[in-house]
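The file start.cif contains mmCIF, C-alpha atoms and all ligand atoms:
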data_start
loop_
_atom_site.label_atom_id
_atom_site.label_comp_id
_atom_site.auth_asym_id
_atom_site.auth_seq_id
_atom_site.Cartn_x
_atom_site.Cartn_y
_atom_site.Cartn_z
CA MET Q 1 -72.91 152.09 124.35
CA LEU Q 2 -70.69 154.35 122.17
CA ALA Q 3 -73.28 157.14 121.85
CA GLY Q 4 -71.79 160.43 123.01
CA LYS Q 5 -68.32 158.93 123.49
CA LYS Q 6 -65.36 161.04 122.33
CA ILE Q 7 -63.04 158.85 120.33
CA VAL Q 8 -59.63 159.46 118.75
CA LEU Q 9 -59.14 157.07 115.83
CA GLY Q 10 -55.43 156.63 115.09
CA VAL Q 11 -54.63 155.35 111.61
CA SER Q 12 -51.11 154.13 110.83
CA GLY Q 13 -49.57 153.00 107.55
CA SER Q 14 -51.11 149.73 106.42
CA ILE Q 15 -53.32 148.61 103.56
CA ALA Q 16 -55.95 147.97 106.26
CA ALA Q 17 -56.30 151.79 106.51
CA TYR Q 18 -59.20 151.50 104.05
CA LYS Q 19 -61.05 149.42 106.67
CA ALA Q 20 -60.57 152.27 109.16
CA VAL Q 21 -62.91 154.31 106.94
CA PHE Q 22 -65.65 151.72 107.54
CA LEU Q 23 -64.79 151.64 111.22
CA LEU Q 24 -65.17 155.43 111.37
CA ARG Q 25 -68.60 155.16 109.73
CA LEU Q 26 -69.73 152.62 112.33
CA LEU Q 27 -68.47 154.76 115.20
CA VAL Q 28 -70.23 157.88 113.89
CA LYS Q 29 -73.41 155.85 113.26
CA ALA Q 30 -73.26 154.64 116.87
CA GLY Q 31 -73.36 158.29 117.96
CA ALA Q 32 -69.68 158.79 118.84
CA GLN Q 33 -67.73 162.01 118.18
CA VAL Q 34 -64.57 161.03 116.35
CA LYS Q 35 -61.30 162.87 115.63
CA VAL Q 36 -58.90 161.11 113.30
CA ILE Q 37 -55.10 161.29 113.56
CA MET Q 38 -53.09 159.69 110.75
CA THR Q 39 -49.41 158.96 110.39
CA LYS Q 40 -47.79 160.30 107.20
CA PRO Q 41 -47.47 156.79 105.63
CA ALA Q 42 -51.19 156.15 106.32
CA THR Q 43 -52.06 159.06 104.00
CA ASP Q 44 -50.43 157.10 101.12
CA PHE Q 45 -53.10 154.42 101.55
CA VAL Q 46 -56.22 156.56 102.12
CA ALA Q 47 -56.67 160.30 101.59
CA PRO Q 48 -57.39 162.29 104.79
CA LEU Q 49 -60.41 163.78 103.01
CA SER Q 50 -62.29 160.46 103.36
CA PHE Q 51 -61.84 160.59 107.13
CA SER Q 52 -62.53 164.32 107.53
CA THR Q 53 -65.74 164.03 105.46
CA LEU Q 54 -67.09 161.15 107.56
CA SER Q 55 -65.93 162.42 110.95
CA HIS Q 56 -66.95 166.06 110.30
CA ASN Q 57 -63.61 167.03 111.85
CA PRO Q 58 -60.27 167.98 110.29
CA VAL Q 59 -57.82 165.10 110.08
CA LEU Q 60 -54.58 165.72 111.97
CA VAL Q 61 -51.25 164.43 110.69
CA GLU Q 62 -48.48 166.84 111.69
CA PHE Q 63 -47.49 168.46 115.00
CA SER Q 64 -48.09 171.86 113.43
CA THR Q 65 -50.38 173.26 110.71
CA PRO Q 66 -49.25 175.28 107.64
CA ASP Q 67 -50.49 178.50 109.31
CA GLY Q 68 -48.03 177.89 112.14
CA SER Q 69 -50.42 176.74 114.87
CA TRP Q 70 -49.85 173.66 117.02
CA ASN Q 71 -51.91 170.44 117.12
CA ASN Q 72 -51.87 169.95 120.86
CA HIS Q 73 -51.44 166.20 121.52
CA VAL Q 74 -52.07 166.59 125.26
CA GLU Q 75 -55.40 168.34 124.64
CA LEU Q 76 -56.38 165.66 122.09
CA ALA Q 77 -55.53 162.87 124.54
CA ASN Q 78 -57.46 164.56 127.36
CA TRP Q 79 -60.47 165.14 125.08
CA ALA Q 80 -60.76 161.43 124.26
CA ASP Q 81 -62.83 158.93 126.29
CA LEU Q 82 -61.00 156.23 124.36
CA ILE Q 83 -58.45 155.87 121.58
CA ILE Q 84 -58.53 153.22 118.86
CA LEU Q 85 -55.35 152.54 116.94
CA ALA Q 86 -56.65 150.78 113.82
CA PRO Q 87 -54.80 149.72 111.83
CA ALA Q 88 -51.78 149.44 114.11
CA SER Q 89 -48.82 148.77 111.83
CA ALA Q 90 -45.76 146.81 112.97
CA ASN Q 91 -43.77 150.06 112.94
CA THR Q 92 -46.27 152.01 115.11
CA ILE Q 93 -46.66 149.05 117.49
CA GLY Q 94 -42.87 148.87 117.84
CA LYS Q 95 -42.51 152.59 118.57
CA LEU Q 96 -45.39 152.54 121.05
CA ALA Q 97 -43.91 149.52 122.82
CA LEU Q 98 -40.46 151.06 123.06
CA GLY Q 99 -41.34 154.67 123.80
CA LEU Q 100 -40.35 156.27 120.48
CA CYS Q 101 -42.35 159.36 119.68
CA ASP Q 102 -41.75 160.86 116.23
CA ASN Q 103 -45.26 161.79 115.13
CA LEU Q 104 -48.49 163.38 116.40
CA LEU Q 105 -50.30 160.04 116.70
CA LEU Q 106 -47.61 158.55 118.97
CA ALA Q 107 -47.40 161.74 121.04
CA THR Q 108 -51.18 161.59 121.58
CA LEU Q 109 -51.01 157.90 122.52
CA PHE Q 110 -48.24 158.57 125.04
CA SER Q 111 -50.24 161.47 126.53
CA ALA Q 112 -53.40 159.41 127.01
CA SER Q 113 -54.80 158.27 130.33
CA CYS Q 114 -58.00 156.83 128.75
CA PRO Q 115 -58.27 153.23 127.45
CA VAL Q 116 -56.27 152.63 124.26
CA TYR Q 117 -57.42 149.83 121.91
CA VAL Q 118 -54.85 148.48 119.45
CA ALA Q 119 -55.90 146.54 116.34
CA PRO Q 120 -52.73 145.10 114.76
CA ALA Q 121 -52.61 144.71 110.98
CA MET Q 122 -49.74 143.13 109.09
CA ASP Q 123 -48.69 140.22 106.98
CA ARG Q 124 -48.51 136.72 108.49
CA GLU Q 125 -44.72 136.39 108.69
CA MET Q 126 -44.45 139.79 110.36
CA TYR Q 127 -47.27 139.01 112.79
CA ILE Q 128 -45.76 135.73 113.94
CA SER Q 129 -42.20 137.05 114.10
CA ASP Q 130 -40.73 136.89 117.56
CA SER Q 131 -39.87 140.58 117.92
CA ILE Q 132 -43.30 141.86 116.80
CA LYS Q 133 -45.07 139.32 119.05
CA LYS Q 134 -42.94 140.62 121.95
CA ASN Q 135 -43.87 144.21 121.14
CA ILE Q 136 -47.58 143.35 121.14
CA GLU Q 137 -47.11 141.61 124.53
CA ARG Q 138 -45.31 144.72 125.79
CA LEU Q 139 -48.29 146.87 124.80
CA ALA Q 140 -50.68 144.52 126.62
CA LYS Q 141 -48.46 144.71 129.74
CA GLN Q 142 -48.53 148.51 129.50
CA GLY Q 143 -52.34 148.31 129.75
CA ARG Q 144 -53.20 148.81 126.07
CA ILE Q 145 -56.14 146.61 125.04
CA ILE Q 146 -55.23 144.40 122.09
CA ILE Q 147 -57.99 143.60 119.60
CA PRO Q 148 -56.82 140.24 118.23
CA SER Q 149 -56.19 140.19 114.51
CA GLU Q 150 -58.13 137.70 112.44
CA GLU Q 151 -57.19 134.95 110.04
CA GLY Q 152 -57.90 135.36 106.36
CA GLU Q 153 -56.61 136.55 103.04
CA LEU Q 154 -53.70 138.98 103.37
CA ALA Q 155 -52.54 141.76 101.04
CA SER Q 156 -49.50 139.65 100.10
CA GLY Q 157 -51.81 136.96 98.74
CA LEU Q 158 -50.92 134.69 101.66
CA HIS Q 159 -53.60 133.31 103.93
CA GLY Q 160 -53.20 133.40 107.69
CA GLU Q 161 -53.04 135.48 110.88
CA GLY Q 162 -52.35 139.20 110.92
CA ARG Q 163 -55.41 140.61 109.16
CA MET Q 164 -56.90 143.55 111.06
CA ALA Q 165 -60.15 142.61 112.82
CA GLU Q 166 -63.21 143.53 110.76
CA PRO Q 167 -64.66 146.97 111.68
CA GLU Q 168 -67.88 145.38 113.02
CA HIS Q 169 -65.81 143.07 115.24
CA ILE Q 170 -63.74 146.01 116.52
CA VAL Q 171 -66.92 147.87 117.54
CA GLN Q 172 -68.35 144.71 119.13
CA PHE Q 173 -65.07 144.05 120.98
CA ILE Q 174 -64.96 147.60 122.38
CA GLU Q 175 -68.63 147.53 123.40
CA GLU Q 176 -68.16 144.20 125.19
CA THR Q 177 -65.03 145.43 126.96
CA ILE Q 178 -66.86 148.55 128.15
CA SER Q 179 -69.90 146.50 129.30
CA LYS Q 180 -67.76 144.10 131.33
CA GLY Q 181 -66.49 147.05 133.37
CA LEU Q 182 -70.01 148.29 134.15
CA PRO Q 183 -71.56 147.68 137.61
CA LEU Q 184 -74.63 145.82 136.28
CA TYR Q 185 -72.82 143.74 133.65
CA GLY Q 186 -74.48 140.31 133.38
CA LYS Q 187 -77.55 141.40 135.36
CA LYS Q 188 -81.09 141.24 134.04
CA ALA Q 189 -83.63 143.93 134.84
CA LEU Q 190 -87.38 144.28 134.42
CA VAL Q 191 -88.92 147.76 134.29
CA THR Q 192 -92.56 148.82 133.85
CA ALA Q 193 -93.48 152.25 132.53
CA GLY Q 194 -96.36 154.41 131.39
CA PRO Q 195 -100.08 154.20 131.95
CA THR Q 196 -102.48 151.33 131.29
CA TYR Q 197 -105.69 151.81 129.36
CA GLU Q 198 -108.74 149.88 130.51
CA ALA Q 199 -111.24 149.54 127.69
CA ILE Q 200 -114.87 150.63 128.15
CA ASP Q 201 -115.87 149.99 124.55
CA PRO Q 202 -114.00 149.89 121.21
CA VAL Q 203 -113.37 153.67 121.27
CA ARG Q 204 -113.14 154.61 124.97
CA PHE Q 205 -110.94 153.71 127.88
CA ILE Q 206 -110.06 154.63 131.46
CA GLY Q 207 -106.46 155.87 131.61
CA ASN Q 208 -104.17 158.26 133.45
CA TYR Q 209 -101.68 161.06 132.76
CA SER Q 210 -98.49 158.96 132.98
CA SER Q 211 -96.10 159.69 130.07
CA GLY Q 212 -93.73 156.77 130.72
CA LYS Q 213 -90.75 159.19 130.82
CA MET Q 214 -89.63 158.12 134.30
CA GLY Q 215 -89.73 154.38 133.55
CA PHE Q 216 -88.04 154.80 130.17
CA ALA Q 217 -85.27 156.89 131.74
CA ILE Q 218 -84.76 154.17 134.40
CA ALA Q 219 -84.59 151.47 131.70
CA GLU Q 220 -81.99 153.52 129.76
CA GLU Q 221 -79.91 154.11 132.89
CA LEU Q 222 -79.99 150.42 133.89
CA ALA Q 223 -78.92 149.46 130.35
CA ASP Q 224 -76.18 152.11 130.36
CA LYS Q 225 -74.89 150.52 133.57
CA GLY Q 226 -74.61 147.16 131.79
CA ALA Q 227 -77.93 145.39 132.53
CA SER Q 228 -80.03 143.62 129.90
CA VAL Q 229 -83.39 145.24 130.37
CA THR Q 230 -86.94 144.12 129.57
CA LEU Q 231 -89.18 147.17 129.48
CA VAL Q 232 -92.92 146.49 129.66
CA HIS Q 233 -94.78 149.70 128.90
CA GLY Q 234 -98.30 150.90 128.42
CA PRO Q 235 -99.41 153.29 125.62
CA VAL Q 236 -96.73 156.02 125.33
CA SER Q 237 -95.24 158.10 122.55
CA ILE Q 238 -91.54 157.68 123.38
CA SER Q 239 -88.95 155.16 122.27
CA THR Q 240 -85.73 153.66 123.67
CA LYS Q 241 -82.14 154.45 122.63
CA ASN Q 242 -80.07 151.65 124.14
CA SER Q 243 -80.11 148.41 122.12
CA ALA Q 244 -79.79 146.36 125.35
CA ILE Q 245 -83.45 147.16 126.10
CA LYS Q 246 -86.07 144.65 124.98
CA VAL Q 247 -89.30 146.58 124.60
CA ILE Q 248 -92.73 145.00 125.14
CA GLY Q 249 -95.71 147.28 124.52
CA VAL Q 250 -99.02 146.46 126.22
CA THR Q 251 -102.33 148.28 126.68
CA SER Q 252 -104.14 147.02 129.76
CA ALA Q 253 -103.12 146.09 133.30
CA GLU Q 254 -104.00 142.46 132.56
CA GLU Q 255 -101.56 142.39 129.63
CA MET Q 256 -98.86 144.09 131.71
CA HIS Q 257 -99.43 141.52 134.46
CA LYS Q 258 -98.98 138.64 131.99
CA GLU Q 259 -95.69 140.02 130.62
CA CYS Q 260 -94.29 140.80 134.08
CA ILE Q 261 -95.04 137.31 135.38
CA LYS Q 262 -93.11 135.90 132.39
CA ALA Q 263 -90.04 138.12 132.78
CA PHE Q 264 -89.82 138.34 136.58
CA PRO Q 265 -88.21 134.93 137.39
CA GLN Q 266 -85.10 135.88 135.32
CA ALA Q 267 -84.84 139.44 136.68
CA ASP Q 268 -82.14 140.31 139.20
CA ILE Q 269 -83.59 143.82 139.49
CA THR Q 270 -87.21 144.88 138.99
CA VAL Q 271 -88.40 148.49 139.01
CA MET Q 272 -92.15 148.98 138.73
CA SER Q 273 -92.75 152.58 137.74
CA ALA Q 274 -95.90 152.09 135.64
CA ALA Q 275 -99.07 153.88 136.69
CA VAL Q 276 -101.21 150.75 136.56
CA ALA Q 277 -104.97 151.26 136.72
CA ASP Q 278 -106.29 149.81 139.95
CA TYR Q 279 -109.71 149.07 138.36
CA ARG Q 280 -111.14 148.12 134.98
CA PRO Q 281 -114.72 148.14 133.70
CA SER Q 282 -116.40 144.85 134.60
CA ILE Q 283 -117.76 144.63 131.04
CA ARG Q 284 -116.02 145.74 127.87
CA SER Q 285 -118.80 146.54 125.47
CA GLY Q 286 -118.21 145.00 122.04
CA GLU Q 287 -119.93 147.95 120.40
CA LYS Q 288 -119.74 151.68 120.98
CA ILE Q 289 -121.94 152.64 123.93
CA LYS Q 290 -124.64 155.00 122.69
CA LYS Q 291 -125.63 158.19 124.47
CA THR Q 292 -128.94 157.95 126.37
CA GLU Q 293 -130.99 160.39 128.45
CA GLY Q 294 -130.08 159.13 131.91
CA THR Q 295 -126.86 158.66 133.86
CA LEU Q 296 -124.33 156.11 132.67
CA LYS Q 297 -123.11 153.80 135.40
CA LEU Q 298 -119.86 151.90 134.94
CA GLU Q 299 -119.08 149.04 137.24
CA LEU Q 300 -115.36 148.70 137.97
CA VAL Q 301 -113.62 145.58 139.19
CA PRO Q 302 -110.13 145.51 140.73
CA ASN Q 303 -107.07 144.71 138.62
CA THR Q 304 -104.40 142.45 140.02
CA ASP Q 305 -101.76 144.42 141.91
CA ILE Q 306 -98.80 143.30 139.79
CA LEU Q 307 -96.20 144.58 142.23
CA SER Q 308 -97.80 142.72 145.16
CA GLU Q 309 -97.86 139.54 143.09
CA LEU Q 310 -94.16 139.88 142.31
CA GLY Q 311 -93.44 140.64 145.98
CA LYS Q 312 -95.00 137.27 146.91
CA LYS Q 313 -92.84 135.44 144.34
CA LYS Q 314 -89.62 137.33 145.09
CA ALA Q 315 -86.50 135.23 145.81
CA ALA Q 316 -83.97 136.50 148.37
CA LYS Q 317 -81.43 137.52 145.75
CA GLN Q 318 -83.95 139.48 143.66
CA LEU Q 319 -84.24 143.21 144.18
CA LEU Q 320 -87.75 144.64 143.90
CA VAL Q 321 -88.37 148.39 143.77
CA GLY Q 322 -91.80 150.00 143.60
CA PHE Q 323 -93.14 153.52 143.24
CA ALA Q 324 -95.66 155.29 145.43
CA LEU Q 325 -97.61 158.31 144.28
CA GLU Q 326 -99.12 160.02 147.31
CA THR Q 327 -101.01 163.20 148.09
CA ASN Q 328 -100.98 163.05 151.92
CA ASP Q 329 -99.18 161.23 154.80
CA GLU Q 330 -96.60 160.46 152.15
CA ILE Q 331 -93.84 158.71 154.14
CA LYS Q 332 -96.33 156.73 156.23
CA ASN Q 333 -98.30 155.57 153.19
CA ALA Q 334 -95.21 154.73 151.13
CA SER Q 335 -93.58 152.78 154.00
CA ALA Q 336 -96.80 150.81 154.46
CA LYS Q 337 -96.80 150.00 150.71
CA LEU Q 338 -93.19 148.84 150.89
CA LYS Q 339 -94.05 146.38 153.68
CA ARG Q 340 -97.38 145.27 152.23
CA LYS Q 341 -95.85 144.54 148.82
CA ASN Q 342 -92.58 143.02 150.18
CA LEU Q 343 -90.25 145.51 148.44
CA ASP Q 344 -86.58 146.28 148.98
CA ALA Q 345 -87.13 149.97 148.36
CA ILE Q 346 -89.90 152.34 147.32
CA VAL Q 347 -89.59 155.58 145.36
CA LEU Q 348 -92.02 158.16 146.70
CA ASN Q 349 -93.48 160.97 144.60
CA SER Q 350 -95.54 163.47 146.48
CA MET Q 351 -98.13 165.35 144.45
CA ARG Q 352 -97.62 168.20 146.94
CA ASN Q 353 -94.15 168.84 145.45
CA LYS Q 354 -94.36 171.21 142.48
CA GLY Q 355 -92.80 169.60 139.38
CA ALA Q 356 -93.11 166.02 140.71
CA GLY Q 357 -95.19 163.07 139.50
CA PRO Q 358 -96.57 161.88 136.17
CA GLY Q 359 -96.66 163.75 132.87
CA GLY Q 360 -93.93 166.39 133.32
CA ASP Q 361 -90.19 166.39 132.57
CA THR Q 362 -89.04 166.69 136.18
CA ASN Q 363 -89.48 164.75 139.39
CA LYS Q 364 -88.69 165.05 143.08
CA ILE Q 365 -88.32 161.79 144.93
CA THR Q 366 -87.62 160.25 148.31
CA ILE Q 367 -86.41 156.64 148.45
CA ILE Q 368 -87.35 154.56 151.48
CA ASP Q 369 -85.65 151.25 152.29
CA ARG Q 370 -86.74 148.24 154.37
CA GLN Q 371 -85.19 149.76 157.48
CA ASN Q 372 -87.34 152.88 156.93
CA LYS Q 373 -84.28 154.96 156.09
CA THR Q 374 -85.32 157.84 153.83
CA THR Q 375 -83.10 159.50 151.20
CA THR Q 376 -84.51 162.68 149.69
CA PHE Q 377 -83.34 164.15 146.39
CA GLU Q 378 -83.74 167.61 144.84
CA LEU Q 379 -86.19 168.38 142.03
CA LYS Q 380 -84.42 167.28 138.83
CA ALA Q 381 -84.98 166.35 135.19
CA LYS Q 382 -86.35 162.79 134.95
CA ASN Q 383 -83.08 161.55 133.35
CA ALA Q 384 -81.12 162.81 136.36
CA VAL Q 385 -83.69 161.28 138.74
CA ALA Q 386 -83.21 157.94 136.92
CA THR Q 387 -79.45 158.23 137.50
CA ASP Q 388 -80.08 158.74 141.26
CA ILE Q 389 -82.49 155.78 141.42
CA VAL Q 390 -80.15 153.42 139.54
CA SER Q 391 -77.10 154.50 141.61
CA TYR Q 392 -79.16 153.75 144.72
CA ILE Q 393 -80.10 150.33 143.29
CA VAL Q 394 -76.46 149.51 142.42
CA GLU Q 395 -75.44 150.29 146.02
CA LEU Q 396 -78.32 148.23 147.43
CA LYS Q 397 -77.42 145.32 145.13
CA MET Q 398 -73.79 145.46 146.24
CA LYS Q 399 -74.86 145.46 149.91
CA ASN Q 400 -77.20 142.48 149.30
CA GLU Q 401 -74.49 140.48 147.55
CA LYS Q 402 -71.96 140.92 150.36
N1 LIG Q 501 -98.85 148.75 140.91
C1 LIG Q 501 -98.93 147.55 140.24
N2 LIG Q 501 -100.15 147.04 139.89
C2 LIG Q 501 -101.28 147.68 140.20
C3 LIG Q 501 -101.22 148.92 140.89
C4 LIG Q 501 -99.99 149.43 141.23
O1 LIG Q 501 -97.91 146.95 139.94
N3 LIG Q 501 -102.45 147.17 139.85
C5 LIG Q 501 -97.53 149.25 141.32
C6 LIG Q 501 -97.10 150.54 140.67
O2 LIG Q 501 -96.36 150.29 139.49
C7 LIG Q 501 -96.23 151.15 141.75
C8 LIG Q 501 -96.84 150.66 143.04
O3 LIG Q 501 -97.61 149.53 142.68
O4 LIG Q 501 -94.90 150.67 141.70
C9 LIG Q 501 -97.70 151.62 143.80
O5 LIG Q 501 -98.65 152.21 142.99
P1 LIG Q 501 -99.66 153.29 143.59
O6 LIG Q 501 -100.68 153.63 142.55
O7 LIG Q 501 -98.93 154.41 144.27
O8 LIG Q 501 -100.31 152.51 144.77
P2 LIG Q 501 -101.45 151.49 144.90
O9 LIG Q 501 -100.86 150.22 145.40
O10 LIG Q 501 -102.24 151.41 143.64
O11 LIG Q 501 -102.29 152.14 146.07
P3 LIG Q 501 -103.18 153.48 146.10
O12 LIG Q 501 -103.57 153.76 144.67
O13 LIG Q 501 -104.30 153.08 146.95
O14 LIG Q 501 -102.30 154.52 146.69
#

Transcribe the structure of this file into structure tokens.
Ligand code: CTP
Amino acid sequence: MLAGKKIVLGVSGSIAAYKAVFLLRLLVKAGAQVKVIMTKPATDFVAPLSFSTLSHNPVLVEFSTPDGSWNNHVELANWADLIILAPASANTIGKLALGLCDNLLLATLFSASCPVYVAPAMDREMYISDSIKKNIERLAKQGRIIIPSEEGELASGLHGEGRMAEPEHIVQFIEETISKGLPLYGKKALVTAGPTYEAIDPVRFIGNYSSGKMGFAIAEELADKGASVTLVHGPVSISTKNSAIKVIGVTSAEEMHKECIKAFPQADITVMSAAVADYRPSIRSGEKIKKTEGTLKLELVPNTDILSELGKKKAAKQLLVGFALETNDEIKNASAKLKRKNLDAIVLNSMRNKGAGPGGDTNKITIIDRQNKTTTFELKAKNAVATDIVSYIVELKMKNEK
């Protein structure tokens, strides 16, 4: 959720500044790029070196540097995807609420158009005082997002409200706030990916060239858009990044079928991109098949078409998207598959397009809907193709829910 995000962490003068060091560690661990701005009083509590070491960026305190150059607050504010003011002291909250701007941190906050999260930190009597409460309310009215302080032991020795939220809670709060604004927040998705292996004997199988890259990229994109994703995949050598993806590894089509049947009733969106083997050997030899003089004949029996099964069970509010890999009469064949399997849309890969299909890093797709409307996309990296597919799904979902 925070991976790749550019974050300005503003630290103002409070004993809770030491907790901002832990917060910085969590943000960096989550994959965010962080620049820290401190107020002068904050540097009395924690040395800037702690923040610069962990953020791998110089810590900014003053408007200008000793060599006479300027720390541009507008550039800093524009760089940030979000700003976290933690700890937010009573003094900094007051100045931010009233429009007073006497340091680099405040100037950056006033220049920002991105979301600003404020984590107040102060002693109980200050926190519950009428004027500070009003200032916090003013900030909320101005659109700043307040991270409620927590109850507990305070620096004064008192016990009560005012303690800055724990760093883990701040990260959780921000991640939840971001998720709630995403188009697929609260939705569940099921994705299949990769090949299936159909065992011949303990050392041999029938498989295919699918790498799982397309399905994994779709699962990541759905999760990045806020969905909780169950990813059922065959044997692949890739892994997921987003923690909102529940990964279930299987080997054969039968195992994939079992897992899909379990997850499908809860899924609002299902995307079946796995290259499922249509047949499996009728007998799986318990021992390695030995070489003999003559020809070896394998009898193959059909696997269940998982997608067709799900199409039969599909409720009206569920969105079901399949893939079609074709070599000829592509649109005709894919449209027929869409109807036969009762899908809402089908993603067509033509093997005649160079750079499309299983195995590689790119794909070129056409999406066909129930009305036979086709949307064709350029050849792109599989991540970018996943973005196109998921944007299409989000639009389709919105249309269906109207
Ligand atoms: N599929 C499935 N279970 C199977 C076979 C296919 O769920 N046993 C799904 C794939 O994940 C894909 C879609 O069905 O979303 C179409 O797969 P494809 O191989 O193109 O088509 P088939 O239905 O197998 O037809 P054919 O191989 O004859 O083209």

Please identify every residue of chain Q that has at least one atom no farther than 7 Å from an atom of ligand LIG 501 (chain Q), counting all atoms listed in the file, and for each give the shortest atom pair and the distance in Å to one decimal, arranged by chain then increasing number, as a tab-separated table.
residue	atom	partner	partner_atom	distance
Q:Thr192	CA	Q:LIG501	O2	7.0
Q:Ala253	CA	Q:LIG501	N3	6.7
Q:Met272	CA	Q:LIG501	O4	4.4
Q:Ser273	CA	Q:LIG501	O2	4.6
Q:Ala274	CA	Q:LIG501	O2	4.3
Q:Ala275	CA	Q:LIG501	O2	5.3
Q:Val276	CA	Q:LIG501	C3	4.7
Q:Ala277	CA	Q:LIG501	N3	5.7
Q:Asp278	CA	Q:LIG501	N3	4.7
Q:Asn303	CA	Q:LIG501	N3	5.4
Q:Thr304	CA	Q:LIG501	N3	5.1
Q:Asp305	CA	Q:LIG501	N3	3.5
Q:Ile306	CA	Q:LIG501	O1	3.8
Q:Leu307	CA	Q:LIG501	O1	3.7
Q:Ser308	CA	Q:LIG501	O1	6.7
Q:Gly322	CA	Q:LIG501	O4	3.7
Q:Phe323	CA	Q:LIG501	O4	3.7
Q:Ala324	CA	Q:LIG501	O7	3.6
Q:Leu325	CA	Q:LIG501	O7	4.1
Q:Glu326	CA	Q:LIG501	O14	6.4
Q:Lys337	CA	Q:LIG501	O9	6.7

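When CA of Ile15 in chain Q is paired with CA of Ile84 in chain Q, their separation reads 16.8 Å.
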
Original post:
Which residues, written as a PyMOL selection string, have at least one atom at most 8 Å from Pro120 in chain Q, with only C-alpha atoms counted and residues fewer than 3 positions away on the same chain left out?
Top reply: chain Q and resi 86-90+93+146-149+162-164

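The smallest atom-to-atom distance between Val61 in chain Q and any of Q:Ala386, Q:Ile37, Q:Val28, Q:Leu231, using only C-alpha atoms, is found for Q:Ile37.
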
**OP:** Kindly provide, as a list in words, the polymer residues lying within 9 Å of (-86.9, 157.4, 127.1), counting only C-alpha atoms and using the coordinates exactly as they appear in the file.
**Re:**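 In the file's frame, the residues around the point are Gly212, Lys213, Met214, Gly215, Phe216, Ala217, Ile218, Ala219, Glu220, Ile238, Ser239, Thr240, Lys241 and Asn383 of chain Q.
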
Subject >> Spatial neighbours of Ser131 in chain Q, max dist 12 Å, all atoms listed in the file, sep filter under 2 positions, as an MDAnalysis selection string >> reply: chainID Q and resid 90:91 93:94 97:98 125:129 133:138

**OP:** Name the residues in contact with Leu23 in chain Q at a cut-off of 8 Å, using only C-alpha atoms, excluding same-chain residues fewer than 4 positions from it; report them as an MDAnalysis selection string.
**Re:** chainID Q and resid 19 27 167:168 170:171

Please, could you write that set of residues out with C-alpha atoms as a compact mmCIF listing (two decimals), in the coordinates of the input?
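And here's result-v9.txt as it stands now:
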# COMPACT_ATOMS: atom_id res chain seq x y z
CA LYS Q 19 -61.05 149.42 106.67
CA LEU Q 27 -68.47 154.76 115.20
CA PRO Q 167 -64.66 146.97 111.68
CA GLU Q 168 -67.88 145.38 113.02
CA ILE Q 170 -63.74 146.01 116.52
CA VAL Q 171 -66.92 147.87 117.54

Original post:
Hey, can you check how far CA of Arg25 in chain Q sits from CA of Glu176 in chain Q?
Top reply: 19.0 Å

**OP:** Kindly provide, as a list in words, the polymer residues lying within 12 Å of (-120.5, 142.2, 132.6), counting only C-alpha atoms and using the coordinates exactly as they appear in the file.
**Re:** Ile200, Arg280, Pro281, Ser282, Ile283, Arg284, Ser285, Gly286, Leu298, Glu299, Leu300 and Val301 of chain Q

Original post:
Quick one: distance from CA of Ala267 in chain Q to CA of Val236 in chain Q in Å, one decimal?
Top reply: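 Value for the CA of Ala267 in chain Q-CA of Val236 in chain Q distance: 23.3 Å.
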
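Among the candidates Q:Leu139, Q:Leu76, Q:Leu96, Q:Ala189, the residue lying nearest to Thr108 in chain Q is Q:Leu76 (atoms considered: all atoms listed in the file).
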
Subject >> Nearest-residue call for Asn242 in chain Q, choices Q:Leu338, Q:Leu319, Q:Leu348, Q:Leu2, using all atoms listed in the file >> reply: Q:Leu2

Quick one: 6 Å padding each side, axis-aligned, all listed atoms of range 232-236 of chain Q - centre and edge lengths in Å to one decimal, as lines of an AutoDock Vina configuration file?
center_x = -96.2
center_y = 151.3
center_z = 127.5
size_x = 18.5
size_y = 21.5
size_z = 16.3

Subject >> Counting all atoms listed in the file, the option among Q:Val271, Q:Thr376, Q:Glu198, Q:Ser210 closest to Asp361 in chain Q >> reply: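 Ranking Q:Val271, Q:Thr376, Q:Glu198, Q:Ser210 by distance to Asp361 in chain Q, first place goes to Q:Ser210.
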
Subject >> Nearby residues (only C-alpha atoms) at most 8 Å from Leu222 in chain Q, same-chain spacing under 5 positions excluded, as a count of residues only >> reply: 6

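Using all atoms listed in the file for every distance, the candidate list Q:Leu24, Q:Ala381, Q:Leu310, Q:Ile83 yields Q:Leu310 as the residue closest to Ala263 in chain Q.
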
**OP:** Using only C-alpha atoms, pick whichever of Q:Glu309, Q:Pro195, Q:Gly359, Q:Glu378 has the shortest atom-to-atom distance to Lys341 in chain Q.
**Re:**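 Among the listed residues, Q:Glu309 lies closest to Lys341 in chain Q.
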
Name all residues at most 10 Å from Cys101 in chain Q (count all atoms listed in the file; drop same-chain ones fewer than 6 positions away) and give them as a tab-separated table (two decimals) with C-alpha atoms, in the coordinates of the input.
chain	number	residue	atom	x	y	z
Q	92	THR	CA	-46.27	152.01	115.11
Q	95	LYS	CA	-42.51	152.59	118.57
Q	107	ALA	CA	-47.40	161.74	121.04
Q	108	THR	CA	-51.18	161.59	121.58
Q	109	LEU	CA	-51.01	157.90	122.52
Q	110	PHE	CA	-48.24	158.57	125.04
